[in-house]
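First up is the structure itself, then whatever we jot down about it.
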Amino acid sequence: MADKTYLSDIKEIRVDENSPLFDKTGMLYKEFPSDYRQIRYFTLLIVQSAPLEIKEINLLEQQISEVIKNGVKHGNRCDAAKKVRVWYSFDSTHAHLIVQDEGEGFKDLEKWNEFNRNRLEILSAQDFERLSDYVSFRTQKSDDNDGGNALFAALEYWNGGFVFNEARNAVAMLKSFPQKKHAIG
Amino acid sequence: MELKIRKNGNNYIIDVNGEMDLYNSYKLKELVMKMLEKKVERFIINLENVDYIDSSGIGALIYICSTIKKMSLKLIITNIHGSVKKVIELTKLMGYFPITNSIEEAILQMED
């Protein structure tokens, strides 16, 4: 039987320069050279300022690492002279990031959205044969180390939005965490 | 990341230890490809000691899974937990990967 939950709320990567997610007021800032070997280290420098309760062991780190990797690798093509700039703000209820690279921008964004729509339709139909063709988004520039699946998870994880600027070389994202209820007594 | 192979009947269990990230996930892919060359037909990938996976790690599992499916051989991934499970859930691949909760369950399923 078809599982409609996959289709109930199809999320898309949006382009909206005016999104409030691009408001950098009060955010911390770091910049890094595009050194592929140091992506996880750079990520740790950012994530260390997040409170423990929103880290979900290392899920927050993993999600941030993917976005920094996209900037270093797909945006700046690992050119060490090019920087990845990160604005970030964390508290117990949210994680907000803006990651900007010096690349040409995410040109395949519409193709990605279409691919993801097809993927979700196939998941909804539980058609695992056809799903094989939709587990990894590939472009001519993809290599063997590209999983091609990072943005599927990103769109689910960043529940407050995942939005690119007009040049498509900066992405802003927000994750809201449910406020823990304190026991009354 | 450290990879160890042990044999249980006709099943080859690969114990993965450590993090499956952008720097080392290719090692698991390479190991499975080598085992396929040596005509191994039944794989159990044990992720009990993996607490971190990223899109490269998921990509390696997808590659391994689709290669083994195309060859009509058998693969089971087992002991997925914590944030590894969450990442696979976020990627909506829980139904795509053949998954069991334990090695014992994986071995039983191999016999079906």
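Every chain in the structure tokens has a letter given in the order shown (A, B, ...), and although residue numbers restart at 1 in each chain, ligands are simply numbered from 1 in the order shown.
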Counting only C-alpha atoms, give me one row per residue of chain B with an atom at most 6 Å from an atom of chain A, showing the shortest contact pair and its distance in Å to one decimal, sorted by chain then residue number, as JSON lines.
```
{"residue": "B:Ser55", "atom": "CA", "partner": "A:Ala150", "partner_atom": "CA", "distance": 5.0}
{"residue": "B:Ser56", "atom": "CA", "partner": "A:Gly147", "partner_atom": "CA", "distance": 4.5}
{"residue": "B:Gly59", "atom": "CA", "partner": "A:Gly147", "partner_atom": "CA", "distance": 3.9}
{"residue": "B:Ser83", "atom": "CA", "partner": "A:Leu59", "partner_atom": "CA", "distance": 5.8}
{"residue": "B:Leu90", "atom": "CA", "partner": "A:Ala153", "partner_atom": "CA", "distance": 4.7}
{"residue": "B:Thr91", "atom": "CA", "partner": "A:Ala153", "partner_atom": "CA", "distance": 4.7}
```
Selected residues written out, C-alpha atoms, as a short mmCIF file (atom, residue, chain, number, x, y, z; two decimals), in the first residue's frame:
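Saved as part_29.cif:
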```cif
data_model
loop_
_atom_site.label_atom_id
_atom_site.label_comp_id
_atom_site.auth_asym_id
_atom_site.auth_seq_id
_atom_site.Cartn_x
_atom_site.Cartn_y
_atom_site.Cartn_z
CA SER B 55 26.90 11.20 3.51
CA SER B 56 30.11 9.53 2.23
CA GLY B 59 27.10 6.58 -0.06
CA SER B 83 23.03 8.94 15.24
CA LEU B 90 16.67 11.29 7.65
CA THR B 91 17.83 9.99 4.27
#
```
Worksheet item: stretch 161-167 of chain A: which residues within 6 Å, counting only C-alpha atoms, same-chain residues fewer than 4 positions away excluded, as number ranges by chain?
Response: A: 14-17, 105, 171-174
Fill in: Residue list (helix (DSSP H, G or I), DSSP) for stretch 3-101 of chain B, as a PyMOL selection string
chain B and resi 25-37+55-70+82-90
Write a file of the selected residues as a short mmCIF file (atom, residue, chain, number, x, y, z; two decimals), in the first residue's frame, keeping N, CA and C atoms.
```cif
data_model
loop_
_atom_site.label_atom_id
_atom_site.label_comp_id
_atom_site.auth_asym_id
_atom_site.auth_seq_id
_atom_site.Cartn_x
_atom_site.Cartn_y
_atom_site.Cartn_z
N SER B 25 35.45 6.22 4.33
CA SER B 25 34.37 5.29 3.95
C SER B 25 34.73 4.45 2.73
N TYR B 26 35.62 4.98 1.87
CA TYR B 26 36.01 4.23 0.66
C TYR B 26 36.65 2.89 1.01
N LYS B 27 37.23 2.80 2.24
CA LYS B 27 37.92 1.56 2.63
C LYS B 27 36.95 0.38 2.70
N LEU B 28 35.75 0.64 3.21
CA LEU B 28 34.75 -0.43 3.30
C LEU B 28 34.32 -0.87 1.90
N LYS B 29 34.15 0.14 1.03
CA LYS B 29 33.77 -0.15 -0.36
C LYS B 29 34.84 -1.03 -1.02
N GLU B 30 36.09 -0.64 -0.84
CA GLU B 30 37.19 -1.38 -1.46
C GLU B 30 37.27 -2.81 -0.92
N LEU B 31 37.08 -2.95 0.39
CA LEU B 31 37.14 -4.28 0.99
C LEU B 31 36.06 -5.19 0.41
N VAL B 32 34.83 -4.67 0.32
CA VAL B 32 33.73 -5.49 -0.21
C VAL B 32 34.01 -5.86 -1.67
N MET B 33 34.54 -4.90 -2.45
CA MET B 33 34.83 -5.20 -3.87
C MET B 33 35.87 -6.32 -3.97
N LYS B 34 36.87 -6.27 -3.10
CA LYS B 34 37.90 -7.33 -3.09
C LYS B 34 37.28 -8.67 -2.71
N MET B 35 36.39 -8.66 -1.74
CA MET B 35 35.74 -9.90 -1.30
C MET B 35 34.85 -10.46 -2.42
N LEU B 36 34.21 -9.56 -3.19
CA LEU B 36 33.40 -10.02 -4.32
C LEU B 36 34.27 -10.70 -5.37
N GLU B 37 35.46 -10.11 -5.59
CA GLU B 37 36.41 -10.74 -6.55
C GLU B 37 36.77 -12.15 -6.09
N SER B 55 27.48 11.55 4.81
CA SER B 55 26.90 11.20 3.51
C SER B 55 27.85 10.31 2.70
N SER B 56 29.17 10.42 2.94
CA SER B 56 30.11 9.53 2.23
C SER B 56 29.93 8.09 2.73
N GLY B 57 29.72 7.96 4.05
CA GLY B 57 29.49 6.63 4.63
C GLY B 57 28.20 6.03 4.12
N ILE B 58 27.14 6.84 4.09
CA ILE B 58 25.86 6.38 3.55
C ILE B 58 26.05 6.01 2.08
N GLY B 59 26.82 6.85 1.36
CA GLY B 59 27.10 6.58 -0.06
C GLY B 59 27.82 5.26 -0.26
N ALA B 60 28.76 4.96 0.62
CA ALA B 60 29.49 3.68 0.53
C ALA B 60 28.51 2.52 0.74
N LEU B 61 27.62 2.66 1.73
CA LEU B 61 26.64 1.58 1.99
C LEU B 61 25.69 1.42 0.80
N ILE B 62 25.28 2.54 0.18
CA ILE B 62 24.40 2.48 -0.99
C ILE B 62 25.12 1.74 -2.13
N TYR B 63 26.38 2.11 -2.36
CA TYR B 63 27.16 1.50 -3.44
C TYR B 63 27.29 -0.01 -3.23
N ILE B 64 27.63 -0.39 -1.99
CA ILE B 64 27.80 -1.80 -1.66
C ILE B 64 26.47 -2.55 -1.83
N CYS B 65 25.42 -1.95 -1.31
CA CYS B 65 24.10 -2.58 -1.36
C CYS B 65 23.64 -2.76 -2.80
N SER B 66 23.80 -1.72 -3.63
CA SER B 66 23.30 -1.84 -5.01
C SER B 66 24.16 -2.81 -5.81
N THR B 67 25.47 -2.84 -5.56
CA THR B 67 26.34 -3.79 -6.27
C THR B 67 25.95 -5.22 -5.93
N ILE B 68 25.75 -5.49 -4.64
CA ILE B 68 25.43 -6.86 -4.20
C ILE B 68 24.02 -7.26 -4.68
N LYS B 69 23.09 -6.31 -4.68
CA LYS B 69 21.73 -6.60 -5.19
C LYS B 69 21.78 -6.97 -6.67
N LYS B 70 22.56 -6.18 -7.45
CA LYS B 70 22.65 -6.45 -8.90
C LYS B 70 23.22 -7.83 -9.17
N GLY B 82 21.86 4.76 17.38
CA GLY B 82 22.26 6.15 17.67
C GLY B 82 22.13 7.07 16.48
N SER B 83 23.14 7.93 16.29
CA SER B 83 23.03 8.94 15.24
C SER B 83 23.18 8.30 13.85
N VAL B 84 23.80 7.12 13.78
CA VAL B 84 23.90 6.41 12.48
C VAL B 84 22.49 6.09 12.00
N LYS B 85 21.68 5.58 12.93
CA LYS B 85 20.29 5.25 12.59
C LYS B 85 19.53 6.52 12.19
N LYS B 86 19.77 7.60 12.94
CA LYS B 86 19.07 8.85 12.64
C LYS B 86 19.39 9.37 11.25
N VAL B 87 20.69 9.28 10.86
CA VAL B 87 21.09 9.78 9.53
C VAL B 87 20.43 8.93 8.45
N ILE B 88 20.39 7.61 8.64
CA ILE B 88 19.75 6.74 7.65
C ILE B 88 18.25 7.04 7.58
N GLU B 89 17.64 7.32 8.74
CA GLU B 89 16.21 7.67 8.76
C GLU B 89 15.96 8.99 8.05
N LEU B 90 16.84 9.98 8.31
CA LEU B 90 16.67 11.29 7.65
C LEU B 90 16.79 11.14 6.14
#
```
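If you look at atom CA of B:Gln109 and atom CA of B:Met1, they are 27.1 Å away from each other.
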Fill in: DSSP strand (DSSP E or B) residues within stretch 36-95 of chain B, listed as a ChimeraX atom specification
/B:42-53,74-78
Worksheet item: Quick one: distance from atom CA of A:Phe22 to atom CA of A:Ala170 in Å, one decimal?
Response: 9.1 Å
Fill in: Selected residue of minimal separation from A:Lys24 among A:Asn113, A:Ser89, A:Gln179, A:Gln140, counting only C-alpha atoms
A:Ser89
Worksheet item: Could you state the separation of atom CA of A:Lys141 and atom CA of A:Ile64 in Å, given to one decimal place?
Response: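 Result for atom CA of A:Lys141 versus atom CA of A:Ile64: 22.0 Å, one decimal.
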Worksheet entry | Contacts of B:Ile44 within 6 Å, only C-alpha atoms, excl. fewer than 4 positions in-chain, as a list in words |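 The residues satisfying every condition are Ile13, Leu75, Ile76 and Ile77 of chain B.
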Let me see the file: selected residues, C-alpha atoms, as a PDB file, in the first residue's frame.
```
ATOM      1  CA  ILE B  13      30.854 -10.732   8.896  1.00  0.00           C
ATOM      2  CA  LEU B  75      23.855  -8.536   2.230  1.00  0.00           C
ATOM      3  CA  ILE B  76      22.546  -7.618   5.648  1.00  0.00           C
ATOM      4  CA  ILE B  77      23.514  -4.529   7.624  1.00  0.00           C
TER       5      ILE B  77
END
```
Practice prompt. Tell me which protein, DNA and RNA residues are within 9 Å of A:Val47, counting only C-alpha atoms, leaving out same-chain ones fewer than 3 positions away, and put them as a PyMOL selection string.
Written response: chain A and resi 42-44+50-51+55+60-61+64+90
Next, write the just-selected residues to a file, as an mmCIF file, in the first residue's frame, keeping N, CA and C atoms as the atom set.
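What landed in again.cif:
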```cif
data_model
loop_
_atom_site.group_PDB
_atom_site.id
_atom_site.type_symbol
_atom_site.label_atom_id
_atom_site.label_comp_id
_atom_site.auth_asym_id
_atom_site.auth_seq_id
_atom_site.Cartn_x
_atom_site.Cartn_y
_atom_site.Cartn_z
ATOM 1 N N PHE A 42 37.306 21.937 11.237
ATOM 2 C CA PHE A 42 36.604 23.232 11.168
ATOM 3 C C PHE A 42 35.209 23.096 11.766
ATOM 4 N N THR A 43 34.561 21.977 11.446
ATOM 5 C CA THR A 43 33.212 21.742 11.962
ATOM 6 C C THR A 43 33.219 21.720 13.490
ATOM 7 N N LEU A 44 34.218 21.047 14.058
ATOM 8 C CA LEU A 44 34.292 20.971 15.527
ATOM 9 C C LEU A 44 34.474 22.349 16.150
ATOM 10 N N ALA A 50 27.952 24.904 20.710
ATOM 11 C CA ALA A 50 26.536 24.503 20.849
ATOM 12 C C ALA A 50 26.317 23.810 22.190
ATOM 13 N N PRO A 51 25.181 24.077 22.839
ATOM 14 C CA PRO A 51 24.911 23.369 24.096
ATOM 15 C C PRO A 51 24.710 21.874 23.847
ATOM 16 N N LYS A 55 23.087 18.781 20.597
ATOM 17 C CA LYS A 55 24.075 18.092 19.752
ATOM 18 C C LYS A 55 23.595 16.724 19.292
ATOM 19 N N LEU A 60 24.243 16.966 15.068
ATOM 20 C CA LEU A 60 24.422 18.373 14.682
ATOM 21 C C LEU A 60 25.778 18.554 13.996
ATOM 22 N N GLU A 61 26.800 17.944 14.571
ATOM 23 C CA GLU A 61 28.141 18.023 13.974
ATOM 24 C C GLU A 61 28.126 17.462 12.552
ATOM 25 N N ILE A 64 26.359 19.813 10.095
ATOM 26 C CA ILE A 64 27.146 21.012 9.800
ATOM 27 C C ILE A 64 28.335 20.641 8.911
ATOM 28 N N PHE A 90 23.766 29.297 18.342
ATOM 29 C CA PHE A 90 23.136 28.125 18.962
ATOM 30 C C PHE A 90 22.579 28.504 20.334
#
```
Worksheet item: Excluding same-chain residues fewer than 5 positions from A:Gly75, what lies within 12 Å of it counting only C-alpha atoms, as a list in words?
Response: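 That gives Ser34, Tyr36, Val67, Ile68, Lys69, Asn70, Ala80, Lys82, Lys83, Val84, Arg85, Val99, Gln100, Asp101, Glu102, Gly103, Glu104, Gly105, Phe106, Lys107, Lys141, Ala167, Arg168, Asn169, Ala170 and Val171 of chain A.
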Selection to disk with C-alpha atoms, as a short mmCIF file (atom, residue, chain, number, x, y, z; two decimals), in the first residue's frame:
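Okay, this is what ended up in result35.cif:
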```
data_model
loop_
_atom_site.label_atom_id
_atom_site.label_comp_id
_atom_site.auth_asym_id
_atom_site.auth_seq_id
_atom_site.Cartn_x
_atom_site.Cartn_y
_atom_site.Cartn_z
CA SER A 34 39.12 25.37 1.59
CA TYR A 36 39.43 19.25 2.43
CA VAL A 67 27.33 21.92 4.57
CA ILE A 68 30.95 22.94 5.16
CA LYS A 69 32.09 20.09 2.92
CA ASN A 70 29.76 21.29 0.15
CA ALA A 80 42.92 26.82 -0.54
CA LYS A 82 39.17 30.55 -1.38
CA LYS A 83 37.40 30.85 1.93
CA VAL A 84 34.34 29.28 3.43
CA ARG A 85 32.62 31.76 5.75
CA VAL A 99 27.62 29.08 5.12
CA GLN A 100 29.03 30.99 2.17
CA ASP A 101 31.67 29.96 -0.36
CA GLU A 102 33.35 31.74 -3.27
CA GLY A 103 32.16 29.35 -5.94
CA GLU A 104 29.80 29.66 -8.92
CA GLY A 105 26.76 28.68 -6.89
CA PHE A 106 24.58 25.58 -6.82
CA LYS A 107 23.56 25.52 -10.50
CA LYS A 141 31.24 16.72 -11.38
CA ALA A 167 24.01 33.71 -6.26
CA ARG A 168 23.42 30.26 -4.76
CA ASN A 169 26.82 30.28 -3.07
CA ALA A 170 25.43 30.89 0.40
CA VAL A 171 22.97 28.75 2.26
#
```
Discussion item. List as number ranges by chain the protein and nucleic acid residues near A:Tyr29, meaning an atom at most 8 Å away when only C-alpha atoms are counted, but skip any in the same chain fewer than 4 places from it.
Written reply: A: 85-88
Worksheet item: Could you pull the residues within 8 Å of B:Glu48, counting only C-alpha atoms, minus those fewer than 3 positions along the same chain, as a PyMOL selection string?
Response: chain B and resi 15-17+78-81
